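Enquirer: Following this line is input06.cif, made up of mmCIF, C-alpha atoms:
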data_upload
loop_
_atom_site.label_atom_id
_atom_site.label_comp_id
_atom_site.auth_asym_id
_atom_site.auth_seq_id
_atom_site.Cartn_x
_atom_site.Cartn_y
_atom_site.Cartn_z
CA MET A 411 52.93 56.89 -34.93
CA THR A 412 53.19 54.22 -37.57
CA LYS A 413 54.98 51.94 -35.11
CA HIS A 414 52.14 52.30 -32.67
CA ILE A 415 49.57 51.37 -35.28
CA ARG A 416 51.49 48.30 -36.33
CA GLY A 417 51.92 47.32 -32.71
CA PHE A 418 48.20 47.57 -32.18
CA ILE A 419 47.53 45.40 -35.20
CA VAL A 420 49.93 42.72 -34.00
CA ILE A 421 48.59 42.74 -30.46
CA SER A 422 45.01 42.58 -31.68
CA PHE A 423 45.81 39.59 -33.84
CA PHE A 424 47.53 37.89 -30.93
CA LEU A 425 44.53 38.44 -28.66
CA ALA A 426 42.13 37.16 -31.26
CA ALA A 427 44.20 34.05 -31.73
CA CYS A 428 44.34 33.42 -27.97
CA SER A 429 40.59 33.88 -27.62
CA LYS A 430 39.87 31.43 -30.41
CA SER A 431 42.13 28.79 -28.88
CA LYS A 432 40.01 28.77 -25.67
CA SER A 433 36.78 27.73 -27.46
CA PRO A 434 37.36 24.21 -28.78
CA VAL A 435 34.61 22.71 -30.90
CA ILE A 436 32.88 19.74 -29.19
CA PRO A 437 32.29 16.88 -31.62
CA THR A 438 28.59 16.41 -32.28
CA ASN A 439 28.81 12.70 -31.43
CA THR A 440 30.17 13.20 -27.90
CA PRO A 441 28.21 11.09 -25.37
CA PRO A 442 27.20 12.33 -21.92
CA THR A 443 29.42 11.19 -19.04
CA ASN A 444 29.80 11.49 -15.27
CA LEU A 445 26.07 11.47 -14.46
CA THR A 446 25.25 12.06 -10.79
CA VAL A 447 21.81 12.19 -9.21
CA THR A 448 20.82 13.47 -5.77
CA ALA A 449 17.35 13.45 -4.22
CA VAL A 450 16.71 15.31 -0.97
CA ALA A 451 13.35 14.80 0.72
CA SER A 452 11.80 17.67 2.63
CA THR A 453 11.75 17.21 6.40
CA ASP A 454 8.28 18.76 6.79
CA SER A 455 6.37 15.64 5.58
CA SER A 456 5.07 17.61 2.58
CA GLY A 457 6.23 14.91 0.14
CA ASN A 458 8.49 17.39 -1.68
CA VAL A 459 11.81 16.13 -3.05
CA ALA A 460 14.55 18.29 -4.57
CA ILE A 461 16.17 16.34 -7.41
CA THR A 462 19.43 17.40 -9.05
CA ALA A 463 21.00 15.60 -12.01
CA LYS A 464 24.34 16.62 -13.52
CA ALA A 465 26.29 15.15 -16.42
CA THR A 466 29.06 16.31 -18.73
CA ASN A 467 27.84 17.06 -22.27
CA ALA A 468 24.16 16.56 -21.38
CA VAL A 469 21.53 18.84 -22.88
CA SER A 470 18.43 17.30 -21.24
CA TYR A 471 17.42 14.99 -18.40
CA ASN A 472 14.43 12.66 -18.34
CA ILE A 473 13.50 12.04 -14.71
CA ASP A 474 11.29 9.05 -13.87
CA PHE A 475 9.98 9.59 -10.34
CA GLY A 476 9.33 5.89 -9.71
CA ASN A 477 5.54 6.20 -9.66
CA ASP A 478 4.69 5.99 -13.37
CA THR A 479 5.33 9.72 -13.76
CA ALA A 480 8.27 11.27 -15.62
CA LYS A 481 9.37 14.68 -16.82
CA THR A 482 12.15 16.01 -19.05
CA VAL A 483 14.03 19.13 -17.96
CA ALA A 484 17.01 20.85 -19.55
CA SER A 485 18.56 21.98 -16.28
CA GLY A 486 18.43 18.64 -14.48
CA VAL A 487 16.95 20.39 -11.44
CA ILE A 488 13.36 19.89 -10.31
CA THR A 489 11.27 19.72 -7.14
CA TYR A 490 8.60 17.04 -7.19
CA ARG A 491 5.82 16.34 -4.68
CA TYR A 492 4.89 12.74 -3.92
CA ALA A 493 1.31 12.15 -2.86
CA GLN A 494 1.97 8.87 -1.06
CA PRO A 495 4.66 7.88 1.44
CA GLY A 496 7.09 5.12 0.52
CA THR A 497 10.48 4.43 -0.99
CA TYR A 498 10.80 5.40 -4.65
CA SER A 499 13.48 4.59 -7.22
CA ILE A 500 14.28 7.68 -9.27
CA ILE A 501 15.74 6.93 -12.71
CA VAL A 502 17.44 9.70 -14.68
CA VAL A 503 18.40 9.45 -18.34
CA ALA A 504 20.77 12.21 -19.49
CA THR A 505 20.90 12.88 -23.23
CA SER A 506 23.58 14.65 -25.27
CA SER A 507 23.01 16.78 -28.38
CA SER A 508 23.83 13.75 -30.51
CA GLY A 509 21.06 11.72 -28.82
CA GLN A 510 23.39 9.49 -26.85
CA THR A 511 22.34 8.68 -23.28
CA ILE A 512 23.58 7.66 -19.87
CA THR A 513 21.42 6.43 -16.97
CA ALA A 514 21.69 6.65 -13.19
CA THR A 515 19.37 5.71 -10.33
CA THR A 516 18.89 6.81 -6.75
CA ASN A 517 16.35 5.92 -4.07
CA VAL A 518 14.46 8.29 -1.81
CA THR A 519 12.15 7.59 1.13
CA ILE A 520 9.19 9.90 1.43
CA ALA A 521 7.20 10.85 4.51
CA VAL A 522 3.82 12.37 3.70
CA ARG A 523 1.49 13.88 6.24
CA LEU A 524 -1.74 11.97 5.78
CA LYS A 525 -5.28 12.99 6.71
CA LEU A 526 -7.93 10.79 8.27
CA VAL A 527 -10.49 10.32 5.47
CA TRP A 528 -12.72 7.58 6.89
CA SER A 529 -13.10 5.69 10.14
CA ASP A 530 -15.39 3.79 12.42
CA GLU A 531 -14.65 4.13 16.12
CA PHE A 532 -17.54 1.81 17.10
CA ASN A 533 -18.70 4.14 19.87
CA THR A 534 -22.47 3.79 19.37
CA ASP A 535 -24.07 0.68 20.85
CA GLY A 536 -26.28 -1.43 18.62
CA PRO A 537 -25.86 -2.81 15.12
CA PRO A 538 -22.91 -1.62 13.02
CA ASP A 539 -23.50 1.81 11.47
CA PRO A 540 -25.74 1.11 8.45
CA THR A 541 -24.27 4.08 6.58
CA LYS A 542 -20.90 2.34 6.66
CA TRP A 543 -21.59 -1.41 6.83
CA SER A 544 -23.85 -4.06 5.34
CA TYR A 545 -23.89 -7.84 5.71
CA ASN A 546 -22.90 -10.88 3.69
CA LEU A 547 -25.44 -13.50 4.76
CA GLY A 548 -25.71 -17.28 4.58
CA ASN A 549 -23.10 -19.92 3.82
CA ASN A 550 -22.85 -19.34 0.05
CA GLY A 551 -21.47 -22.80 -0.62
CA GLY A 552 -18.78 -22.41 2.00
CA TRP A 553 -17.61 -19.06 0.56
CA GLY A 554 -15.15 -20.86 -1.70
CA ASN A 555 -13.29 -22.29 1.32
CA ASN A 556 -15.65 -25.03 2.58
CA GLU A 557 -16.45 -22.92 5.64
CA LEU A 558 -18.89 -24.36 8.19
CA GLU A 559 -20.72 -21.28 9.46
CA ASN A 560 -23.92 -19.50 8.54
CA TYR A 561 -23.47 -15.72 8.48
CA THR A 562 -26.27 -13.67 10.06
CA SER A 563 -27.07 -10.13 11.13
CA ASP A 564 -28.31 -11.35 14.51
CA PRO A 565 -27.06 -9.23 17.46
CA ALA A 566 -25.79 -12.43 19.03
CA ASN A 567 -23.34 -12.68 16.12
CA VAL A 568 -22.57 -9.00 15.45
CA ILE A 569 -23.02 -5.98 17.69
CA VAL A 570 -21.33 -2.75 18.74
CA GLN A 571 -21.06 -2.70 22.49
CA ASN A 572 -18.93 -0.83 25.04
CA GLY A 573 -16.87 0.89 22.35
CA VAL A 574 -15.99 -2.17 20.26
CA LEU A 575 -17.41 -4.16 17.40
CA LYS A 576 -17.96 -7.80 18.39
CA ILE A 577 -18.27 -10.54 15.80
CA THR A 578 -19.08 -13.79 17.57
CA ALA A 579 -19.05 -17.34 16.28
CA ILE A 580 -21.51 -19.60 18.13
CA LYS A 581 -21.98 -23.36 18.04
CA GLY A 582 -25.60 -24.30 17.36
CA ASN A 583 -27.93 -24.96 14.47
CA SER A 584 -28.25 -21.95 12.17
CA ALA A 585 -30.21 -22.47 8.96
CA GLY A 586 -29.00 -26.07 8.91
CA PHE A 587 -25.36 -25.24 9.65
CA GLN A 588 -23.53 -26.18 12.82
CA TYR A 589 -22.22 -22.67 13.55
CA SER A 590 -23.39 -19.08 13.18
CA SER A 591 -21.21 -15.98 12.82
CA ALA A 592 -21.09 -12.66 10.93
CA ARG A 593 -19.39 -11.05 7.96
CA ILE A 594 -19.75 -7.27 7.52
CA VAL A 595 -18.62 -5.25 4.50
CA THR A 596 -18.32 -1.65 3.28
CA ASP A 597 -19.20 -2.84 -0.25
CA GLN A 598 -20.90 0.03 -2.18
CA LYS A 599 -20.64 2.24 0.94
CA PHE A 600 -16.94 3.02 1.19
CA ALA A 601 -14.02 2.07 -1.04
CA PHE A 602 -10.71 3.79 -1.69
CA THR A 603 -7.42 3.63 -3.57
CA TYR A 604 -4.07 3.99 -1.75
CA GLY A 605 -3.49 5.12 1.80
CA ARG A 606 -2.75 3.80 5.25
CA VAL A 607 -5.10 1.53 7.18
CA GLU A 608 -5.02 0.93 10.93
CA ILE A 609 -7.29 -1.65 12.58
CA ARG A 610 -7.04 -2.16 16.34
CA ALA A 611 -8.40 -5.59 17.15
CA MET A 612 -8.36 -8.48 19.59
CA LEU A 613 -8.87 -11.84 17.94
CA SER A 614 -10.99 -14.88 18.66
CA SER A 615 -9.62 -18.14 20.07
CA GLY A 616 -10.32 -21.83 19.76
CA LEU A 617 -9.36 -24.62 17.42
CA GLY A 618 -11.09 -24.08 14.07
CA THR A 619 -11.68 -20.32 14.38
CA TRP A 620 -10.57 -18.16 11.46
CA PRO A 621 -10.85 -14.38 12.00
CA ALA A 622 -9.99 -12.09 9.10
CA LEU A 623 -9.66 -8.35 8.43
CA TRP A 624 -9.29 -7.89 4.70
CA MET A 625 -10.12 -5.96 1.53
CA LEU A 626 -11.54 -6.89 -1.86
CA GLY A 627 -11.44 -5.05 -5.17
CA GLN A 628 -14.67 -3.10 -5.69
CA ASP A 629 -14.83 -4.29 -9.30
CA TYR A 630 -15.30 -7.94 -8.26
CA GLY A 631 -18.60 -7.99 -10.15
CA THR A 632 -16.86 -7.51 -13.50
CA GLN A 633 -13.39 -8.78 -12.63
CA ALA A 634 -13.85 -12.24 -11.17
CA TRP A 635 -11.60 -13.14 -8.26
CA PRO A 636 -8.60 -13.17 -8.21
CA ALA A 637 -8.49 -10.61 -11.04
CA CYS A 638 -10.19 -8.06 -8.76
CA GLY A 639 -7.44 -8.49 -6.17
CA GLU A 640 -7.56 -9.25 -2.46
CA MET A 641 -5.53 -7.79 0.40
CA ASP A 642 -5.59 -9.79 3.64
CA ILE A 643 -4.41 -7.37 6.31
CA MET A 644 -4.82 -9.98 9.04
CA GLU A 645 -5.73 -13.63 9.12
CA GLN A 646 -5.26 -15.99 12.03
CA ILE A 647 -6.32 -19.57 12.72
CA GLY A 648 -7.03 -21.03 16.13
CA LYS A 649 -4.57 -23.88 15.77
CA ASN A 650 -1.70 -21.35 15.38
CA PRO A 651 -2.79 -18.52 17.72
CA THR A 652 0.55 -16.67 17.71
CA THR A 653 0.88 -16.62 13.91
CA VAL A 654 -0.57 -13.71 11.93
CA TYR A 655 -0.81 -13.95 8.15
CA GLY A 656 -0.62 -11.07 5.66
CA THR A 657 -1.39 -12.03 2.08
CA LEU A 658 -2.15 -10.59 -1.35
CA HIS A 659 -4.15 -12.56 -3.90
CA TYR A 660 -4.14 -11.75 -7.63
CA PRO A 661 -3.74 -13.66 -10.91
CA GLY A 662 -1.00 -16.24 -10.45
CA HIS A 663 -1.31 -15.97 -6.67
CA SER A 664 -4.73 -17.33 -5.77
CA GLY A 665 -5.73 -19.71 -2.99
CA ALA A 666 -2.84 -21.36 -1.18
CA ASN A 667 -0.46 -19.75 -3.69
CA GLY A 668 -1.13 -16.25 -2.34
CA ASN A 669 1.77 -13.84 -2.01
CA GLY A 670 1.94 -14.00 1.76
CA ALA A 671 4.12 -13.84 4.83
CA THR A 672 3.68 -14.45 8.55
CA THR A 673 4.80 -12.90 11.81
CA THR A 674 4.68 -14.05 15.42
CA VAL A 675 2.42 -12.03 17.71
CA GLN A 676 1.84 -12.94 21.34
CA ASN A 677 -1.52 -12.60 23.13
CA THR A 678 -3.59 -12.05 20.00
CA SER A 679 -6.75 -13.18 21.80
CA THR A 680 -6.18 -11.39 25.10
CA GLN A 681 -4.71 -8.07 23.99
CA PHE A 682 -5.47 -5.54 21.26
CA HIS A 683 -2.93 -5.11 18.46
CA ILE A 684 -2.88 -2.72 15.50
CA TYR A 685 -3.03 -4.46 12.13
CA GLY A 686 -1.86 -2.12 9.40
CA LEU A 687 -1.66 -1.67 5.65
CA GLN A 688 0.46 0.91 3.81
CA TRP A 689 -0.67 0.99 0.18
CA SER A 690 0.84 3.06 -2.63
CA PRO A 691 1.31 2.78 -6.42
CA THR A 692 4.74 1.25 -5.81
CA GLU A 693 4.34 -0.98 -2.76
CA VAL A 694 1.90 -2.72 -0.42
CA ASP A 695 3.16 -3.20 3.15
CA ILE A 696 1.40 -5.21 5.86
CA SER A 697 2.29 -4.71 9.52
CA VAL A 698 1.43 -5.50 13.12
CA ASP A 699 1.95 -2.79 15.74
CA GLY A 700 3.90 -0.76 13.18
CA VAL A 701 6.35 -3.54 12.27
CA VAL A 702 6.16 -4.43 8.57
CA PHE A 703 6.42 -8.16 7.88
CA GLN A 704 5.16 -8.37 4.30
CA LYS A 705 6.18 -6.18 1.33
CA VAL A 706 4.84 -6.60 -2.19
CA GLN A 707 5.98 -4.36 -5.03
CA ASN A 708 3.00 -2.80 -6.79
CA ASN A 709 2.88 -1.88 -10.48
CA PRO A 710 0.25 -1.02 -13.11
CA SER A 711 -0.13 -4.67 -14.16
CA LEU A 712 -1.52 -5.65 -10.74
CA PRO A 713 -5.10 -5.06 -9.55
CA PHE A 714 -3.94 -2.98 -6.57
CA ASN A 715 -4.45 0.38 -8.27
CA ALA A 716 -8.22 0.71 -7.96
CA ASN A 717 -10.88 0.95 -5.26
CA PHE A 718 -11.03 -1.69 -2.51
CA PHE A 719 -13.58 -2.15 0.30
CA PHE A 720 -13.37 -3.74 3.76
CA ILE A 721 -14.55 -7.17 4.90
CA PHE A 722 -14.47 -8.21 8.57
CA ASN A 723 -15.52 -11.77 9.35
CA LEU A 724 -15.05 -14.71 11.68
CA ALA A 725 -15.20 -18.04 9.85
CA MET A 726 -15.29 -21.54 11.28
CA GLY A 727 -13.30 -24.47 9.91
CA GLY A 728 -12.85 -24.63 6.18
CA ASP A 729 -9.77 -25.28 4.10
CA PHE A 730 -7.65 -22.86 6.14
CA GLY A 731 -9.33 -22.95 9.56
CA GLY A 732 -9.18 -26.74 9.74
CA PRO A 733 -11.02 -29.04 12.18
CA VAL A 734 -13.07 -27.38 14.92
CA ASP A 735 -12.69 -28.29 18.58
CA PRO A 736 -15.75 -30.48 19.42
CA ASN A 737 -15.99 -28.62 22.74
CA PHE A 738 -16.10 -25.18 21.09
CA VAL A 739 -19.01 -23.07 22.32
CA SER A 740 -18.37 -19.48 21.20
CA SER A 741 -15.64 -16.88 20.67
CA SER A 742 -15.48 -13.26 19.54
CA MET A 743 -13.26 -11.03 17.46
CA GLN A 744 -13.36 -7.46 18.78
CA VAL A 745 -12.47 -4.36 16.77
CA ASP A 746 -11.80 -1.11 18.61
CA TYR A 747 -11.50 1.01 15.47
CA VAL A 748 -10.68 1.05 11.76
CA ARG A 749 -9.08 4.19 10.25
CA VAL A 750 -8.08 5.14 6.74
CA TYR A 751 -5.54 7.91 6.08
CA GLN A 752 -4.65 9.51 2.75
#
What does the file become when written as structure tokens?
Expert:
Amino acid sequence: MTKHIRGFIVISFFLAACSKSKSPVIPTNTPPTNLTVTAVASTDSSGNVAITAKATNAVSYNIDFGNDTAKTVASGVITYRYAQPGTYSIIVVATSSSGQTITATTNVTIAVRLKLVWSDEFNTDGPPDPTKWSYNLGNNGGWGNNELENYTSDPANVIVQNGVLKITAIKGNSAGFQYSSARIVTDQKFAFTYGRVEIRAMLSSGLGTWPALWMLGQDYGTQAWPACGEMDIMEQIGKNPTTVYGTLHYPGHSGANGNGATTTVQNTSTQFHIYGLQWSPTEVDISVDGVVFQKVQNNPSLPFNANFFFIFNLAMGGDFGGPVDPNFVSSSMQVDYVRVYQ
């Protein structure tokens, strides 16, 4: 019996020693290593993304979702819902118990099902819907561009007819100016922040014409241009009828120094095309018929994180439009619809 007791004591000691040898003490100054990050976007256009971060010796993970939002989780696993579509750069910082860190980045492209929040289909004949549009009138010193037209609300210059909005520039004396035209705005009637814009339009023609579909920061009264920001979804000039311009203006990028790009589009004055804007906290994309030709990275330092309103106009001449054909009589820009999705 004594032998059995001693044997038990020896065996117990041996087991205890083995157990202790399998639990090494990790130095408190051990840094995290081997950080991996995966981001899997949901296929149902909900905007949900499953993010998983793993690292050796990490005790917490700070996950920056690439849209000025971040969260720290101990597990490294989180599902996050993006409100806007786009491509986001997810930055993960893993931290060890000693406070040492390691960083990794991955990109994810998000599809978000958007809802139509505002539109004008231009289906009611007569003047533009007064609940949605008002007018900028006169020449206003050339509107900062030495333009030649006088803007009016005359039906000859602006009317909804046969399912489209028509803005027409006409040669002839108008309040002392050689041309008349129209410029309509949603100023103080509709403005929004972020979303997708689609404008189906057929443009004017003729040397010296300058049609534009664009947006201006609603705070222009307190933030003088270009601090209020400007997004030119479409500009075209008659001397280059197959060239469409997409441009952003903001401090450091005003006037001819705008952050712009061009694309070639055939039949702009004989066929309708869809001029688009995809606007999020991280990027502003400008497109024609769904093809993006201008991308500008957005961030909190830029003015493109506040309400903007629409401006549709057809200018004549000016710094950008250039000389007008002396034989010009009239030409129209037609808009089938404008839609805003969020």
Enquirer: Go through the shown structure with the PyMOL selection byres ((chain A and resi 720) around 6) and write out the matching residues as a ChimeraX atom specification.
Expert: /A:595-596,624-625,719,721
Enquirer: Nearest residue to Ile609 of chain A out of A:Ser584, A:Thr632, A:Gln744, A:Asn667, using all atoms listed in the file?
Expert: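 Among A:Ser584, A:Thr632, A:Gln744, A:Asn667, it is A:Gln744 that comes nearest to Ile609 of chain A.
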Enquirer: Between atom CA of Gly627 of chain A and atom CA of Gly668 of chain A, what is the distance in Å, rounded to a tenth?
Expert: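 Value for the atom CA of Gly627 of chain A-atom CA of Gly668 of chain A distance: 15.5 Å.
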Enquirer: Can you pull out every residue within 6 Å of segment 644-658 of chain A, counting only C-alpha atoms, but drop anything in the same chain fewer than 4 positions away, and send it as an MDAnalysis selection string?
Expert: chainID A and resid 615:623 640 668:676 731
Enquirer: Take the residues from that selection and put them in a file with C-alpha atoms, as a PDB file, in the frame of the given file.
Expert:
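As written to disk, result_0.pdb reads:
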ATOM      1  CA  SER A 615      -9.620 -18.140  20.070  1.00  0.00           C
ATOM      2  CA  GLY A 616     -10.320 -21.830  19.760  1.00  0.00           C
ATOM      3  CA  LEU A 617      -9.360 -24.620  17.420  1.00  0.00           C
ATOM      4  CA  GLY A 618     -11.090 -24.080  14.070  1.00  0.00           C
ATOM      5  CA  THR A 619     -11.680 -20.320  14.380  1.00  0.00           C
ATOM      6  CA  TRP A 620     -10.570 -18.160  11.460  1.00  0.00           C
ATOM      7  CA  PRO A 621     -10.850 -14.380  12.000  1.00  0.00           C
ATOM      8  CA  ALA A 622      -9.990 -12.090   9.100  1.00  0.00           C
ATOM      9  CA  LEU A 623      -9.660  -8.350   8.430  1.00  0.00           C
ATOM     10  CA  GLU A 640      -7.560  -9.250  -2.460  1.00  0.00           C
ATOM     11  CA  GLY A 668      -1.130 -16.250  -2.340  1.00  0.00           C
ATOM     12  CA  ASN A 669       1.770 -13.840  -2.010  1.00  0.00           C
ATOM     13  CA  GLY A 670       1.940 -14.000   1.760  1.00  0.00           C
ATOM     14  CA  ALA A 671       4.120 -13.840   4.830  1.00  0.00           C
ATOM     15  CA  THR A 672       3.680 -14.450   8.550  1.00  0.00           C
ATOM     16  CA  THR A 673       4.800 -12.900  11.810  1.00  0.00           C
ATOM     17  CA  THR A 674       4.680 -14.050  15.420  1.00  0.00           C
ATOM     18  CA  VAL A 675       2.420 -12.030  17.710  1.00  0.00           C
ATOM     19  CA  GLN A 676       1.840 -12.940  21.340  1.00  0.00           C
ATOM     20  CA  GLY A 731      -9.330 -22.950   9.560  1.00  0.00           C
TER      21      GLY A 731
END
Enquirer: My list of candidates is A:Ser697, A:Gln752, A:Gly476, A:Thr489. Which is closest to Ile461 of chain A when distances are computed with all atoms listed in the file?
Expert: A:Thr489
Enquirer: As a ChimeraX atom specification, please: the residues near Glu531 of chain A (cut-off 12 Å, all atoms listed in the file, same-chain neighbours under 4 positions excluded).
Expert: /A:535,538-539,542,570-575,608-611,744-750
Enquirer: Here's the selection I'm unsure about, the PyMOL selection byres ((chain A and resi 555-559) around 9); applied to the file above, which residues does it give, as a PDB file with C-alpha atoms, in the frame of the given file?
Expert:
ATOM      1  CA  GLY A 548     -25.710 -17.280   4.580  1.00  0.00           C
ATOM      2  CA  ASN A 549     -23.100 -19.920   3.820  1.00  0.00           C
ATOM      3  CA  GLY A 551     -21.470 -22.800  -0.620  1.00  0.00           C
ATOM      4  CA  GLY A 552     -18.780 -22.410   2.000  1.00  0.00           C
ATOM      5  CA  TRP A 553     -17.610 -19.060   0.560  1.00  0.00           C
ATOM      6  CA  GLY A 554     -15.150 -20.860  -1.700  1.00  0.00           C
ATOM      7  CA  ASN A 560     -23.920 -19.500   8.540  1.00  0.00           C
ATOM      8  CA  TYR A 561     -23.470 -15.720   8.480  1.00  0.00           C
ATOM      9  CA  ALA A 579     -19.050 -17.340  16.280  1.00  0.00           C
ATOM     10  CA  ILE A 580     -21.510 -19.600  18.130  1.00  0.00           C
ATOM     11  CA  LYS A 581     -21.980 -23.360  18.040  1.00  0.00           C
ATOM     12  CA  SER A 584     -28.250 -21.950  12.170  1.00  0.00           C
ATOM     13  CA  PHE A 587     -25.360 -25.240   9.650  1.00  0.00           C
ATOM     14  CA  GLN A 588     -23.530 -26.180  12.820  1.00  0.00           C
ATOM     15  CA  TYR A 589     -22.220 -22.670  13.550  1.00  0.00           C
ATOM     16  CA  SER A 590     -23.390 -19.080  13.180  1.00  0.00           C
ATOM     17  CA  SER A 591     -21.210 -15.980  12.820  1.00  0.00           C
ATOM     18  CA  ALA A 592     -21.090 -12.660  10.930  1.00  0.00           C
ATOM     19  CA  LEU A 724     -15.050 -14.710  11.680  1.00  0.00           C
ATOM     20  CA  ALA A 725     -15.200 -18.040   9.850  1.00  0.00           C
ATOM     21  CA  MET A 726     -15.290 -21.540  11.280  1.00  0.00           C
ATOM     22  CA  GLY A 727     -13.300 -24.470   9.910  1.00  0.00           C
ATOM     23  CA  GLY A 728     -12.850 -24.630   6.180  1.00  0.00           C
ATOM     24  CA  ASP A 729      -9.770 -25.280   4.100  1.00  0.00           C
ATOM     25  CA  PHE A 730      -7.650 -22.860   6.140  1.00  0.00           C
ATOM     26  CA  GLY A 731      -9.330 -22.950   9.560  1.00  0.00           C
TER      27      GLY A 731
END
Enquirer: Suppose a student applies the PyMOL selection byres ((chain A and resi 701) around 12) to this structure; what residues should they get, written as an MDAnalysis selection string?
Expert: chainID A and resid 672:675 683:688 695:700 702:705
Enquirer: Those same residues - C-alpha atoms - I'd like them written as a short mmCIF file (atom, residue, chain, number, x, y, z; two decimals), in the frame of the given file.
Expert:
data_model
loop_
_atom_site.label_atom_id
_atom_site.label_comp_id
_atom_site.auth_asym_id
_atom_site.auth_seq_id
_atom_site.Cartn_x
_atom_site.Cartn_y
_atom_site.Cartn_z
CA THR A 672 3.68 -14.45 8.55
CA THR A 673 4.80 -12.90 11.81
CA THR A 674 4.68 -14.05 15.42
CA VAL A 675 2.42 -12.03 17.71
CA HIS A 683 -2.93 -5.11 18.46
CA ILE A 684 -2.88 -2.72 15.50
CA TYR A 685 -3.03 -4.46 12.13
CA GLY A 686 -1.86 -2.12 9.40
CA LEU A 687 -1.66 -1.67 5.65
CA GLN A 688 0.46 0.91 3.81
CA ASP A 695 3.16 -3.20 3.15
CA ILE A 696 1.40 -5.21 5.86
CA SER A 697 2.29 -4.71 9.52
CA VAL A 698 1.43 -5.50 13.12
CA ASP A 699 1.95 -2.79 15.74
CA GLY A 700 3.90 -0.76 13.18
CA VAL A 702 6.16 -4.43 8.57
CA PHE A 703 6.42 -8.16 7.88
CA GLN A 704 5.16 -8.37 4.30
CA LYS A 705 6.18 -6.18 1.33
#
Enquirer: Work out how far apart atom CA of Ser470 of chain A and atom CA of Ala449 of chain A are and give it in Å to one decimal.
Expert: 17.5 Å
Enquirer: Between atom CA of Asn567 of chain A and atom CA of Thr534 of chain A, what is the distance, to one decimal in Å?
Expert: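 Distance between the two atoms: 16.8 Å.
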Enquirer: Please determine, counting only C-alpha atoms, which residue among A:Pro565, A:Gly732, A:Pro691, A:Pro713 has the shortest atom-to-atom distance to Gly639 of chain A.
Expert: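 Ranking A:Pro565, A:Gly732, A:Pro691, A:Pro713 by distance to Gly639 of chain A, first place goes to A:Pro713.
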Enquirer: Between A:Ser690, A:Ser452, A:Phe722, A:Leu445, which residue has the minimum interatomic distance to Thr603 of chain A, considering all atoms listed in the file?
Expert: A:Ser690
Enquirer: Every residue with an atom at most 12 Å from (17.4, 11.1, -18.9) (file coordinates; all atoms listed in the file) is what I'm after, so could you write them as a PyMOL selection string?
Expert: chain A and resi 442+445-447+462-465+468-475+480-487+500-506+509-515
Enquirer: With all atoms listed in the file as the atoms that count, which of A:Gly662, A:Gly605, A:Pro733, A:Pro540 lies nearest to Phe718 of chain A?
Expert: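 Of the candidates, the smallest distance to Phe718 of chain A is held by A:Gly605.
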Enquirer: Of the residues A:Tyr490, A:Thr516, A:Phe682, A:Asp478, which is the one nearest to Thr448 of chain A, using all atoms listed in the file?
Expert: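 Using all atoms listed in the file, the shortest distance to Thr448 of chain A belongs to A:Thr516.
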Enquirer: If I put a ball of radius 10 Å at (-12.2, 3.8, -3.9) in the file's coordinates, which residues poke into it when counting all atoms listed in the file, written as a count of residues only?
Expert: 14
